[in-house]
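input-v4.cif, holding mmCIF, C-alpha atoms:
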data_input
loop_
_atom_site.group_PDB
_atom_site.id
_atom_site.type_symbol
_atom_site.label_atom_id
_atom_site.label_comp_id
_atom_site.auth_asym_id
_atom_site.auth_seq_id
_atom_site.Cartn_x
_atom_site.Cartn_y
_atom_site.Cartn_z
ATOM 1 C CA GLN A 14 -6.910 0.010 21.006
ATOM 2 C CA LEU A 15 -8.320 -2.797 18.813
ATOM 3 C CA LEU A 16 -9.690 -4.760 21.795
ATOM 4 C CA PRO A 17 -12.680 -7.124 21.584
ATOM 5 C CA SER A 18 -15.866 -5.545 22.920
ATOM 6 C CA ALA A 19 -16.050 -7.946 25.882
ATOM 7 C CA ARG A 20 -12.551 -6.978 27.034
ATOM 8 C CA THR A 21 -13.314 -3.287 26.496
ATOM 9 C CA ALA A 22 -16.404 -3.591 28.706
ATOM 10 C CA GLU A 23 -14.312 -5.372 31.337
ATOM 11 C CA LEU A 24 -11.678 -2.627 31.162
ATOM 12 C CA CYS A 25 -14.315 0.083 31.750
ATOM 13 C CA GLN A 26 -15.556 -1.794 34.793
ATOM 14 C CA ASP A 27 -12.083 -2.360 36.240
ATOM 15 C CA ILE A 28 -10.714 1.164 35.731
ATOM 16 C CA PHE A 29 -13.752 3.449 35.838
ATOM 17 C CA LYS A 30 -16.165 1.270 37.873
ATOM 18 C CA ALA A 31 -18.629 1.787 35.031
ATOM 19 C CA ALA A 32 -20.697 -1.189 33.932
ATOM 20 C CA VAL A 33 -20.894 -0.959 30.131
ATOM 21 C CA SER A 34 -22.498 -3.725 28.095
ATOM 22 C CA GLU A 35 -21.250 -4.899 24.717
ATOM 23 C CA GLY A 36 -24.520 -3.663 23.211
ATOM 24 C CA THR A 37 -23.841 -0.169 24.530
ATOM 25 C CA LEU A 38 -20.354 -0.249 23.040
ATOM 26 C CA ASP A 39 -21.769 -1.311 19.667
ATOM 27 C CA THR A 40 -24.232 1.574 19.814
ATOM 28 C CA ILE A 41 -21.414 4.027 20.575
ATOM 29 C CA LEU A 42 -19.406 2.724 17.616
ATOM 30 C CA ARG A 43 -22.355 2.931 15.219
ATOM 31 C CA GLU A 44 -23.255 6.459 16.309
ATOM 32 C CA SER A 45 -19.614 7.534 16.027
ATOM 33 C CA ALA A 46 -19.387 6.113 12.518
ATOM 34 C CA ASP A 47 -22.575 7.953 11.540
ATOM 35 C CA GLN A 48 -21.057 11.217 12.801
ATOM 36 C CA LEU A 49 -18.019 10.633 10.564
ATOM 37 C CA GLU A 50 -19.938 10.444 7.271
ATOM 38 C CA ASP A 51 -19.057 14.012 6.237
ATOM 39 C CA PHE A 52 -15.483 13.490 7.425
ATOM 40 C CA MET A 53 -15.114 10.482 5.099
ATOM 41 C CA LYS A 54 -16.543 12.400 2.134
ATOM 42 C CA HIS A 55 -14.129 15.274 2.731
ATOM 43 C CA LEU A 56 -11.219 12.859 3.249
ATOM 44 C CA LYS A 57 -12.035 11.079 -0.008
ATOM 45 C CA GLU A 58 -11.949 14.379 -1.903
ATOM 46 C CA GLN A 59 -8.590 15.203 -0.348
ATOM 47 C CA MET A 60 -7.171 11.797 -1.272
ATOM 48 C CA ILE A 61 -8.204 12.216 -4.907
ATOM 49 C CA GLN A 62 -6.286 15.518 -5.038
ATOM 50 C CA ALA A 63 -3.113 14.182 -3.356
ATOM 51 C CA ARG A 64 0.218 14.416 -5.177
ATOM 52 C CA VAL A 65 1.300 10.876 -4.151
ATOM 53 C CA ALA A 66 -0.860 8.175 -2.570
ATOM 54 C CA HIS A 67 -0.179 4.601 -1.511
ATOM 55 C CA PHE A 68 -2.626 1.774 -2.249
ATOM 56 C CA ASP A 69 -2.906 -1.684 -0.709
ATOM 57 C CA GLU A 70 -5.456 -4.297 0.295
ATOM 58 C CA THR A 71 -5.649 -7.235 2.679
ATOM 59 C CA GLY A 72 -8.116 -9.954 3.573
ATOM 60 C CA LEU A 73 -10.186 -9.694 6.766
ATOM 61 C CA SER A 74 -12.855 -11.937 8.237
ATOM 62 C CA VAL A 75 -16.373 -10.465 8.390
ATOM 63 C CA VAL A 76 -19.087 -12.717 9.836
ATOM 64 C CA GLY A 77 -16.775 -15.653 9.144
ATOM 65 C CA ARG A 78 -16.296 -14.790 5.460
ATOM 66 C CA ASN A 79 -13.282 -13.280 3.785
ATOM 67 C CA ARG A 80 -13.642 -9.643 2.797
ATOM 68 C CA TRP A 81 -11.073 -7.144 1.554
ATOM 69 C CA LEU A 82 -9.903 -4.099 3.448
ATOM 70 C CA HIS A 83 -8.663 -1.462 0.981
ATOM 71 C CA SER A 84 -6.387 1.283 2.233
ATOM 72 C CA VAL A 85 -5.287 4.552 0.629
ATOM 73 C CA SER A 86 -2.548 6.338 2.550
ATOM 74 C CA THR A 87 -0.474 9.476 2.454
ATOM 75 C CA LYS A 88 1.874 10.937 5.059
ATOM 76 C CA GLU A 89 -1.037 13.047 6.273
ATOM 77 C CA ALA A 90 -4.106 10.819 6.037
ATOM 78 C CA THR A 91 -5.476 7.273 5.856
ATOM 79 C CA TYR A 92 -8.652 6.092 4.127
ATOM 80 C CA TYR A 93 -10.008 2.593 4.834
ATOM 81 C CA ALA A 94 -12.875 0.864 3.039
ATOM 82 C CA MET A 95 -14.239 -2.682 3.255
ATOM 83 C CA HIS A 96 -15.452 -4.534 0.147
ATOM 84 C CA GLN A 97 -16.412 -8.041 -0.921
ATOM 85 C CA LYS A 98 -14.019 -7.848 -3.871
ATOM 86 C CA ARG A 99 -10.321 -7.179 -4.275
ATOM 87 C CA GLY A 100 -9.997 -6.020 -7.889
ATOM 88 C CA THR A 101 -11.342 -3.327 -10.186
ATOM 89 C CA GLN A 102 -14.961 -3.578 -9.030
ATOM 90 C CA ALA A 103 -13.925 -2.719 -5.479
ATOM 91 C CA ILE A 104 -11.562 0.031 -6.637
ATOM 92 C CA ASP A 105 -14.325 1.566 -8.776
ATOM 93 C CA ASP A 106 -16.864 1.389 -5.944
ATOM 94 C CA ILE A 107 -14.473 3.037 -3.484
ATOM 95 C CA GLY A 108 -13.979 5.753 -6.089
ATOM 96 C CA ILE A 109 -10.551 7.204 -5.279
ATOM 97 C CA LEU A 110 -8.128 5.659 -7.768
ATOM 98 C CA PRO A 111 -10.448 6.071 -10.825
ATOM 99 C CA GLU A 112 -10.311 9.871 -10.326
ATOM 100 C CA PHE A 113 -6.779 10.081 -8.966
ATOM 101 C CA GLN A 114 -4.245 11.876 -11.191
ATOM 102 C CA GLY A 115 -1.125 11.900 -9.035
ATOM 103 C CA THR A 116 1.312 9.009 -8.557
ATOM 104 C CA ALA A 117 -0.176 5.780 -7.209
ATOM 105 C CA VAL A 118 2.374 3.694 -5.304
ATOM 106 C CA HIS A 119 1.509 -0.004 -5.003
ATOM 107 C CA ASP A 120 2.828 -3.560 -5.126
ATOM 108 C CA SER A 121 2.018 -4.180 -8.835
ATOM 109 C CA TRP A 122 -1.336 -5.905 -8.234
ATOM 110 C CA PRO A 123 -2.644 -6.094 -11.852
ATOM 111 C CA ALA A 124 -5.928 -4.333 -11.090
ATOM 112 C CA TYR A 125 -4.086 -1.086 -10.325
ATOM 113 C CA PHE A 126 -2.568 -0.923 -13.804
ATOM 114 C CA GLN A 127 -6.059 -0.571 -15.313
ATOM 115 C CA TYR A 128 -6.069 3.084 -14.278
ATOM 116 C CA GLU A 129 -3.957 4.913 -16.816
ATOM 117 C CA GLN A 130 -5.039 8.483 -16.013
ATOM 118 C CA CYS A 131 -2.443 8.585 -13.219
ATOM 119 C CA TRP A 132 1.245 7.793 -12.812
ATOM 120 C CA HIS A 133 2.401 4.628 -11.064
ATOM 121 C CA GLY A 134 5.297 3.799 -8.752
ATOM 122 C CA LEU A 135 6.084 0.230 -7.684
ATOM 123 C CA CYS A 136 7.183 -0.970 -4.256
ATOM 124 C CA ASN A 137 10.852 -1.880 -4.410
ATOM 125 C CA ALA A 138 10.765 -3.562 -1.003
ATOM 126 C CA HIS A 139 8.760 -6.297 -2.729
ATOM 127 C CA HIS A 140 11.310 -6.460 -5.540
ATOM 128 C CA LEU A 141 14.186 -6.793 -3.083
ATOM 129 C CA ARG A 142 12.479 -9.706 -1.329
ATOM 130 C CA GLU A 143 11.928 -11.481 -4.645
ATOM 131 C CA LEU A 144 15.503 -10.813 -5.750
ATOM 132 C CA ILE A 145 16.871 -12.226 -2.500
ATOM 133 C CA PHE A 146 14.808 -15.376 -3.064
ATOM 134 C CA ILE A 147 16.123 -15.720 -6.626
ATOM 135 C CA LYS A 148 19.685 -15.224 -5.407
ATOM 136 C CA GLU A 149 19.534 -17.600 -2.441
ATOM 137 C CA GLN A 150 17.134 -20.273 -3.666
ATOM 138 C CA LEU A 151 17.616 -20.251 -7.450
ATOM 139 C CA HIS A 152 21.290 -19.195 -7.333
ATOM 140 C CA GLN A 153 21.011 -16.762 -10.247
ATOM 141 C CA SER A 154 23.926 -14.344 -10.420
ATOM 142 C CA TRP A 155 22.054 -11.365 -11.904
ATOM 143 C CA ALA A 156 19.908 -10.895 -8.777
ATOM 144 C CA GLN A 157 22.650 -9.439 -6.539
ATOM 145 C CA PRO A 158 23.699 -6.745 -9.058
ATOM 146 C CA MET A 159 20.040 -5.694 -9.343
ATOM 147 C CA ILE A 160 19.766 -5.523 -5.549
ATOM 148 C CA ASP A 161 22.926 -3.397 -5.456
ATOM 149 C CA CYS A 162 21.657 -1.207 -8.282
ATOM 150 C CA LEU A 163 18.318 -0.412 -6.617
ATOM 151 C CA LEU A 164 19.861 0.207 -3.199
ATOM 152 C CA THR A 165 22.631 2.399 -4.605
ATOM 153 C CA ILE A 166 20.132 4.527 -6.521
ATOM 154 C CA LYS A 167 18.181 4.908 -3.285
ATOM 155 C CA GLU A 168 21.359 6.076 -1.528
ATOM 156 C CA LYS A 169 22.048 8.627 -4.276
ATOM 157 C CA VAL A 170 18.499 9.931 -4.067
ATOM 158 C CA ASP A 171 18.667 10.193 -0.266
ATOM 159 C CA GLU A 172 21.976 12.079 -0.507
ATOM 160 C CA ALA A 173 20.511 14.484 -3.044
ATOM 161 C CA LYS A 174 17.492 15.111 -0.797
ATOM 162 C CA GLU A 175 19.773 15.842 2.184
ATOM 163 C CA GLN A 176 21.620 18.381 0.021
ATOM 164 C CA GLY A 177 18.341 20.097 -0.802
ATOM 165 C CA ARG A 178 18.344 19.046 -4.450
ATOM 166 C CA LYS A 179 15.107 18.262 -6.287
ATOM 167 C CA SER A 180 16.527 15.725 -8.746
ATOM 168 C CA LEU A 181 19.577 13.780 -9.833
ATOM 169 C CA SER A 182 21.666 15.159 -12.675
ATOM 170 C CA ASP A 183 20.860 14.070 -16.227
ATOM 171 C CA TRP A 184 24.057 12.056 -16.517
ATOM 172 C CA GLN A 185 23.288 10.222 -13.253
ATOM 173 C CA VAL A 186 19.816 9.300 -14.446
ATOM 174 C CA SER A 187 21.241 8.132 -17.798
ATOM 175 C CA TYR A 188 23.981 6.107 -16.087
ATOM 176 C CA TRP A 189 21.610 4.276 -13.760
ATOM 177 C CA HIS A 190 19.129 3.588 -16.541
ATOM 178 C CA ASN A 191 21.935 1.987 -18.571
ATOM 179 C CA ARG A 192 23.150 0.007 -15.563
ATOM 180 C CA TYR A 193 19.609 -1.177 -14.897
ATOM 181 C CA ASP A 194 19.117 -2.214 -18.550
ATOM 182 C CA SER A 195 22.333 -4.224 -18.602
ATOM 183 C CA ILE A 196 21.236 -6.229 -15.562
ATOM 184 C CA ILE A 197 17.822 -6.872 -17.129
ATOM 185 C CA THR A 198 19.657 -8.338 -20.142
ATOM 186 C CA ARG A 199 21.529 -10.692 -17.808
ATOM 187 C CA GLY A 200 18.224 -11.665 -16.207
ATOM 188 C CA TYR A 201 16.744 -12.630 -19.579
ATOM 189 C CA ARG A 202 19.810 -14.702 -20.431
ATOM 190 C CA ALA A 203 19.468 -16.588 -17.162
ATOM 191 C CA ASN A 204 15.771 -17.217 -17.781
ATOM 192 C CA PRO A 205 15.121 -18.027 -21.457
ATOM 193 C CA TRP A 206 11.486 -18.706 -22.157
ATOM 194 C CA HIS A 207 11.693 -22.235 -23.482
ATOM 195 C CA ASP A 208 11.798 -25.766 -22.119
ATOM 196 C CA PRO A 209 15.128 -26.726 -20.498
ATOM 197 C CA PRO A 210 17.357 -28.979 -22.644
ATOM 198 C CA GLY A 211 16.515 -32.659 -22.369
ATOM 199 C CA THR A 212 12.937 -32.136 -21.206
ATOM 200 C CA ARG A 213 9.942 -33.502 -23.062
ATOM 201 C CA ARG A 214 7.982 -30.816 -24.935
ATOM 202 C CA LYS A 215 4.615 -30.044 -23.358
ATOM 203 C CA ARG A 216 1.543 -28.582 -24.968
ATOM 204 C CA GLY A 217 1.150 -24.821 -24.854
ATOM 205 C CA ARG A 218 3.670 -22.257 -23.783
ATOM 206 C CA PRO A 219 6.355 -23.256 -21.294
ATOM 207 C CA GLU A 220 5.968 -21.955 -17.758
ATOM 208 C CA ARG A 221 7.888 -18.758 -17.170
ATOM 209 C CA GLY A 222 8.725 -19.307 -13.518
ATOM 210 C CA LYS A 223 9.153 -16.717 -10.760
ATOM 211 C CA ALA A 224 12.508 -15.427 -11.973
ATOM 212 C CA ARG A 225 11.375 -14.879 -15.557
ATOM 213 C CA CYS A 226 8.180 -13.167 -14.357
ATOM 214 C CA LEU A 227 10.206 -10.798 -12.198
ATOM 215 C CA VAL A 228 12.598 -9.988 -15.048
ATOM 216 C CA GLU A 229 9.672 -9.142 -17.309
ATOM 217 C CA ARG A 230 8.042 -6.974 -14.646
ATOM 218 C CA LEU A 231 11.278 -5.079 -14.015
ATOM 219 C CA ASP A 232 11.650 -4.644 -17.768
ATOM 220 C CA HIS A 233 8.114 -3.740 -18.841
ATOM 221 C CA HIS A 234 7.518 -1.460 -15.847
ATOM 222 C CA ARG A 235 11.009 -0.003 -15.540
ATOM 223 C CA ASN A 236 9.754 3.584 -15.380
ATOM 224 C CA LYS A 237 7.429 2.632 -12.540
ATOM 225 C CA VAL A 238 10.190 0.735 -10.721
ATOM 226 C CA LEU A 239 12.517 3.735 -10.997
ATOM 227 C CA ALA A 240 9.852 6.386 -10.406
ATOM 228 C CA PHE A 241 11.522 7.259 -7.093
ATOM 229 C CA MET A 242 14.714 8.174 -8.988
ATOM 230 C CA VAL A 243 13.140 10.768 -11.278
ATOM 231 C CA ASP A 244 10.489 12.120 -8.892
ATOM 232 C CA PHE A 245 11.741 12.658 -5.346
ATOM 233 C CA GLU A 246 8.165 12.860 -4.038
ATOM 234 C CA VAL A 247 7.720 9.174 -4.887
ATOM 235 C CA PRO A 248 9.108 6.873 -2.172
ATOM 236 C CA PHE A 249 11.283 3.811 -2.720
ATOM 237 C CA ASP A 250 8.701 1.429 -1.245
ATOM 238 C CA ASN A 251 5.064 1.068 -0.207
ATOM 239 C CA ASN A 252 5.780 0.704 3.500
ATOM 240 C CA LEU A 253 3.592 3.636 4.505
ATOM 241 C CA VAL A 254 0.329 1.955 3.551
ATOM 242 C CA GLU A 255 1.563 -1.458 4.683
ATOM 243 C CA ARG A 256 2.000 -0.052 8.186
ATOM 244 C CA ASP A 257 -1.548 1.316 8.056
ATOM 245 C CA VAL A 258 -2.904 -2.039 6.870
ATOM 246 C CA ARG A 259 -0.990 -3.830 9.632
ATOM 247 C CA MET A 260 -3.182 -2.116 12.242
ATOM 248 C CA ALA A 261 -6.262 -3.743 10.753
ATOM 249 C CA LYS A 262 -4.581 -7.145 10.686
ATOM 250 C CA LEU A 263 -3.724 -6.640 14.348
ATOM 251 C CA LYS A 264 -7.418 -5.996 15.039
ATOM 252 C CA GLN A 265 -8.313 -9.355 13.517
ATOM 253 C CA LYS A 266 -5.521 -11.144 15.366
ATOM 254 C CA ILE A 267 -6.688 -9.769 18.719
ATOM 255 C CA SER A 268 -10.452 -9.692 18.217
ATOM 256 C CA GLY A 269 -11.190 -12.228 15.491
ATOM 257 C CA THR A 270 -13.981 -11.785 12.960
ATOM 258 C CA PHE A 271 -16.247 -8.763 12.688
ATOM 259 C CA ARG A 272 -19.747 -9.700 13.810
ATOM 260 C CA SER A 273 -21.492 -7.772 11.028
ATOM 261 C CA ALA A 274 -20.693 -5.943 7.799
ATOM 262 C CA LYS A 275 -22.017 -2.732 9.385
ATOM 263 C CA MET A 276 -19.551 -3.001 12.265
ATOM 264 C CA ALA A 277 -16.723 -3.625 9.774
ATOM 265 C CA ASP A 278 -17.682 -0.430 7.930
ATOM 266 C CA ALA A 279 -17.862 1.432 11.243
ATOM 267 C CA PHE A 280 -14.365 0.196 12.081
ATOM 268 C CA CYS A 281 -13.083 1.561 8.742
ATOM 269 C CA ARG A 282 -14.539 5.006 9.358
ATOM 270 C CA ILE A 283 -13.337 5.275 12.937
ATOM 271 C CA ARG A 284 -9.834 3.987 12.166
ATOM 272 C CA SER A 285 -9.647 6.362 9.166
ATOM 273 C CA PHE A 286 -10.450 9.228 11.520
ATOM 274 C CA ILE A 287 -8.022 8.144 14.250
ATOM 275 C CA SER A 288 -5.143 7.481 11.859
ATOM 276 C CA THR A 289 -5.658 10.762 9.993
ATOM 277 C CA VAL A 290 -5.894 13.038 13.046
ATOM 278 C CA ARG A 291 -2.785 11.388 14.492
ATOM 279 C CA LYS A 292 -0.850 11.954 11.275
ATOM 280 C CA GLN A 293 -1.975 15.577 11.220
ATOM 281 C CA GLY A 294 -0.825 16.230 14.770
ATOM 282 C CA PHE A 295 -4.172 16.605 16.551
ATOM 283 C CA GLN A 296 -4.553 15.442 20.140
ATOM 284 C CA LEU A 297 -6.507 12.198 19.913
ATOM 285 C CA ARG A 298 -8.640 12.862 23.000
ATOM 286 C CA GLU A 299 -9.735 16.250 21.685
ATOM 287 C CA ALA A 300 -10.420 14.739 18.267
ATOM 288 C CA LEU A 301 -12.640 12.027 19.750
ATOM 289 C CA GLU A 302 -14.445 14.607 21.879
ATOM 290 C CA SER A 303 -15.260 16.495 18.681
ATOM 291 C CA VAL A 304 -17.004 13.385 17.337
ATOM 292 C CA PHE A 305 -19.203 13.049 20.426
ATOM 293 C CA SER A 306 -19.882 16.794 20.295
ATOM 294 C CA PHE A 307 -21.421 16.279 16.841
ATOM 295 C CA SER A 308 -18.758 18.414 15.145
ATOM 296 C CA PRO A 309 -15.922 16.076 14.082
ATOM 297 C CA LEU A 310 -12.642 17.617 13.034
ATOM 298 C CA MET A 311 -12.197 17.780 9.283
ATOM 299 C CA PRO A 312 -8.929 16.620 7.660
ATOM 300 C CA LEU A 313 -6.499 19.366 6.717
ATOM 301 C CA ALA A 314 -5.731 19.876 3.042
ATOM 302 C CA LEU A 315 -3.189 17.320 1.887
ATOM 303 C CA SER A 316 0.120 18.271 0.309
ATOM 304 C CA LYS A 317 -0.005 18.582 -3.492
ATOM 305 C CA THR A 318 3.646 19.410 -4.079
#
So that I can check it, write out the structure of this file as structure tokens.
Amino acid sequence: QLLPSARTAELCQDIFKAAVSEGTLDTILRESADQLEDFMKHLKEQMIQARVAHFDETGLSVVGRNRWLHSVSTKEATYYAMHQKRGTQAIDDIGILPEFQGTAVHDSWPAYFQYEQCWHGLCNAHHLRELIFIKEQLHQSWAQPMIDCLLTIKEKVDEAKEQGRKSLSDWQVSYWHNRYDSIITRGYRANPWHDPPGTRRKRGRPERGKARCLVERLDHHRNKVLAFMVDFEVPFDNNLVERDVRMAKLKQKISGTFRSAKMADAFCRIRSFISTVRKQGFQLREALESVFSFSPLMPLALSKT
């Protein structure tokens, strides 16, 4: 339940009348993590073979220093790993995305684009938040039509799924691509890449600004933005993995820093196990008993279709 060890020990005393020291709890966690080594290897193999996987990362405090928790999520499993780095070195060391050949859904962190052996889908929840900012704070008129465009496509896709269809019709796809392109053109017109009239010319290239950067991302990665429209297995957003990451952030909020790198790694293994068995419908108590019986449950094969 993400409690600090001192409060967990107090809880055991209050409810079960069992005096458990923090050292004993640490030993239990370490031994549990050791029992889950084969589980993590098997889970990693399953993640590599998944049809669609979500990727995200967030900062966590370990012994008072910032480290990065990397999460790979599907509807059926969660894989956590802690690393000193955020970018390609961490991704390579974790070893899932470099071998992954399905569709990787993420928030357009540049490091993810280095892996071209797989398909990519971008989180449109992030795009909507940026578009709302551009509309309300920068007062650019193209932002609302793009919001409407993305949300309407999502509605059409959801309707098609409810009807049991596997894709939109060719003319629908063509129509929405054209609509999308026309709005991108409006975005470029509203954000020309040059110094505003009357300003003194500075050295180097002019700053692009948030709006121009978003227009270019929506343009250059249009197939990734609209991946959910052409492949119904790809979701509209990256909320699945963000929910999984939120649990780790809650741990830090409640308990503070991890006291050692080893305990942070143990947390990743145990939370990977708990999250996965819950997603796969196992009873959590029975799953935890399997760990202490030295025969942890193995993750079921993940969906590949």
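The residues caught by the PyMOL selection byres ((chain A and resi 80) around 8) in this file are Gly72, Leu73, Ser74, Val75, Arg78, Asn79, Trp81, Leu82, Met95, His96, Gln97 and Lys98 of chain A.
Picture a line from CA of Ser84 (chain A) to CA of Pro123 (chain A); it runs 16.3 Å.
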Excluding region 284-292 of chain A and its own-chain neighbours fewer than 3 positions away, which residues fall within 8 Å of it when counting all atoms listed in the file? Please give them as a PDB file with C-alpha atoms, keeping the file's coordinate frame.
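Once everything was written out, this is around.pdb:
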ATOM      1  CA  LEU A  49     -18.019  10.633  10.564  1.00  0.00           C
ATOM      2  CA  PHE A  52     -15.483  13.490   7.425  1.00  0.00           C
ATOM      3  CA  MET A  53     -15.114  10.482   5.099  1.00  0.00           C
ATOM      4  CA  LYS A  88       1.874  10.937   5.059  1.00  0.00           C
ATOM      5  CA  GLU A  89      -1.037  13.047   6.273  1.00  0.00           C
ATOM      6  CA  ALA A  90      -4.106  10.819   6.037  1.00  0.00           C
ATOM      7  CA  THR A  91      -5.476   7.273   5.856  1.00  0.00           C
ATOM      8  CA  TYR A  92      -8.652   6.092   4.127  1.00  0.00           C
ATOM      9  CA  TYR A  93     -10.008   2.593   4.834  1.00  0.00           C
ATOM     10  CA  PHE A 280     -14.365   0.196  12.081  1.00  0.00           C
ATOM     11  CA  CYS A 281     -13.083   1.561   8.742  1.00  0.00           C
ATOM     12  CA  PHE A 295      -4.172  16.605  16.551  1.00  0.00           C
ATOM     13  CA  GLN A 296      -4.553  15.442  20.140  1.00  0.00           C
ATOM     14  CA  LEU A 297      -6.507  12.198  19.913  1.00  0.00           C
ATOM     15  CA  ALA A 300     -10.420  14.739  18.267  1.00  0.00           C
ATOM     16  CA  PRO A 312      -8.929  16.620   7.660  1.00  0.00           C
TER      17      PRO A 312
END
Residue list as a ChimeraX atom specification for point (7.1, 16.4, -2.6), cut-off 12 Å, all atoms listed in the file: /A:63-66,87-88,115-116,174,177-180,241,243-248,315-318
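Considering all atoms listed in the file, the residue among A:Val76, A:Ile196, A:Met311, A:Leu151 positioned nearest to Arg272 (chain A) is A:Val76.
Minimum atom-to-atom distance to Glu58 (chain A), evaluated using all atoms listed in the file, belongs to A:Ile109 out of A:Val33, A:Leu239, A:Ile109, A:Val186.
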Of the listed residues A:Arg43, A:His83, A:Lys148, A:His133, that which approaches His234 (chain A) most closely, counting all atoms listed in the file: A:His133
Around the point (-1.3, 9.2, -11.8), in the coordinates given by the file, pick out the residues reaching within 8 Å, counting only C-alpha atoms, and return them as a PDB file with C-alpha atoms, in the frame of the given file.
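Contents of the output file result_23.pdb:
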ATOM      1  CA  PHE A 113      -6.779  10.081  -8.966  1.00  0.00           C
ATOM      2  CA  GLN A 114      -4.245  11.876 -11.191  1.00  0.00           C
ATOM      3  CA  GLY A 115      -1.125  11.900  -9.035  1.00  0.00           C
ATOM      4  CA  THR A 116       1.312   9.009  -8.557  1.00  0.00           C
ATOM      5  CA  ALA A 117      -0.176   5.780  -7.209  1.00  0.00           C
ATOM      6  CA  GLU A 129      -3.957   4.913 -16.816  1.00  0.00           C
ATOM      7  CA  GLN A 130      -5.039   8.483 -16.013  1.00  0.00           C
ATOM      8  CA  CYS A 131      -2.443   8.585 -13.219  1.00  0.00           C
ATOM      9  CA  TRP A 132       1.245   7.793 -12.812  1.00  0.00           C
ATOM     10  CA  HIS A 133       2.401   4.628 -11.064  1.00  0.00           C
TER      11      HIS A 133
END
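What the PyMOL selection byres ((chain A and resi 108) around 12) picks from this file is Lys54, Lys57, Glu58, Met60, Ile61, His83, Val85, Tyr92, Ala94, Thr101, Gln102, Ala103, Ile104, Asp105, Asp106, Ile107, Ile109, Leu110, Pro111, Glu112, Phe113 and Tyr128 of chain A.
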For Ala22 (chain A): contacts at 10 Å, all atoms listed in the file, fewer than 3 positions along chain excluded, given as a VMD selection string: chain A and resid 16 to 19 25 to 27 31 to 38
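The interatomic distance for the pair CA of Asp250 (chain A) and CA of Ile145 (chain A) works out to 16.0 Å.
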Coordinates of box centre and edge lengths for region 157-169 of chain A, 3 Å on every side, axis-aligned, as AutoDock Vina command-line options:
--center_x 20.9 --center_y -0.4 --center_z -5.4 --size_x 11.5 --size_y 24.1 --size_z 13.8
Point-to-point distance in Å for CA of Phe271 (chain A) and CA of Gly77 (chain A): 7.8 Å
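Among A:Gln62, A:Gln153, A:Tyr201, A:Leu15, the residue with the shortest atom-to-atom distance to Lys266 (chain A), counting all atoms listed in the file, is A:Leu15.
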Residues within 12 Å of Asp232 (chain A), all atoms listed in the file, excluding chain neighbours under 4 positions, as a ChimeraX atom specification: /A:159,190,193-201,225-228,236-239
Exercise: Trp189 (chain A) partners within 10 Å, only C-alpha atoms, chain neighbours under 6 positions left out, as a JSON list (two decimals) with C-alpha atoms, in the frame of the given file:
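Final output, part_37.json:
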[["chain", "number", "residue", "atom", "x", "y", "z"],
["A", 162, "CYS", "CA", 21.66, -1.21, -8.28],
["A", 163, "LEU", "CA", 18.32, -0.41, -6.62],
["A", 165, "THR", "CA", 22.63, 2.40, -4.61],
["A", 166, "ILE", "CA", 20.13, 4.53, -6.52],
["A", 195, "SER", "CA", 22.33, -4.22, -18.60],
["A", 239, "LEU", "CA", 12.52, 3.74, -11.00],
["A", 242, "MET", "CA", 14.71, 8.17, -8.99]]
Output check: residues returned by the PyMOL selection byres ((chain A and resi 137) around 7), as a PyMOL selection string: chain A and resi 135-136+138-141+238+249-250
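In terms of minimum interatomic distance to Asp120 (chain A), A:Phe68 ranks closest within A:Phe29, A:Trp206, A:Tyr188, A:Phe68, counting all atoms listed in the file.
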Taking the block just given, write region 53-59 of chain A to a file that holds N, CA, C and O atoms, as a JSON list (two decimals), in the first residue's frame.
[["chain", "number", "residue", "atom", "x", "y", "z"],
["A", 53, "MET", "N", 10.52, -11.40, -13.67],
["A", 53, "MET", "CA", 10.87, -10.19, -14.42],
["A", 53, "MET", "C", 11.46, -10.55, -15.79],
["A", 53, "MET", "O", 11.19, -9.87, -16.78],
["A", 54, "LYS", "N", 12.25, -11.60, -15.85],
["A", 54, "LYS", "CA", 12.82, -12.02, -17.14],
["A", 54, "LYS", "C", 11.71, -12.45, -18.10],
["A", 54, "LYS", "O", 11.71, -12.10, -19.28],
["A", 55, "HIS", "N", 10.77, -13.24, -17.57],
["A", 55, "HIS", "CA", 9.65, -13.71, -18.38],
["A", 55, "HIS", "C", 8.77, -12.54, -18.81],
["A", 55, "HIS", "O", 8.32, -12.47, -19.96],
["A", 56, "LEU", "N", 8.52, -11.60, -17.88],
["A", 56, "LEU", "CA", 7.70, -10.43, -18.19],
["A", 56, "LEU", "C", 8.36, -9.59, -19.28],
["A", 56, "LEU", "O", 7.68, -9.09, -20.19],
["A", 57, "LYS", "N", 9.66, -9.42, -19.19],
["A", 57, "LYS", "CA", 10.39, -8.64, -20.19],
["A", 57, "LYS", "C", 10.23, -9.27, -21.57],
["A", 57, "LYS", "O", 9.98, -8.56, -22.57],
["A", 58, "GLU", "N", 10.34, -10.58, -21.66],
["A", 58, "GLU", "CA", 10.17, -11.27, -22.94],
["A", 58, "GLU", "C", 8.76, -11.05, -23.49],
["A", 58, "GLU", "O", 8.57, -10.85, -24.70],
["A", 59, "GLN", "N", 7.77, -11.09, -22.61],
["A", 59, "GLN", "CA", 6.39, -10.88, -23.03],
["A", 59, "GLN", "C", 6.18, -9.45, -23.53],
["A", 59, "GLN", "O", 5.48, -9.23, -24.52]]
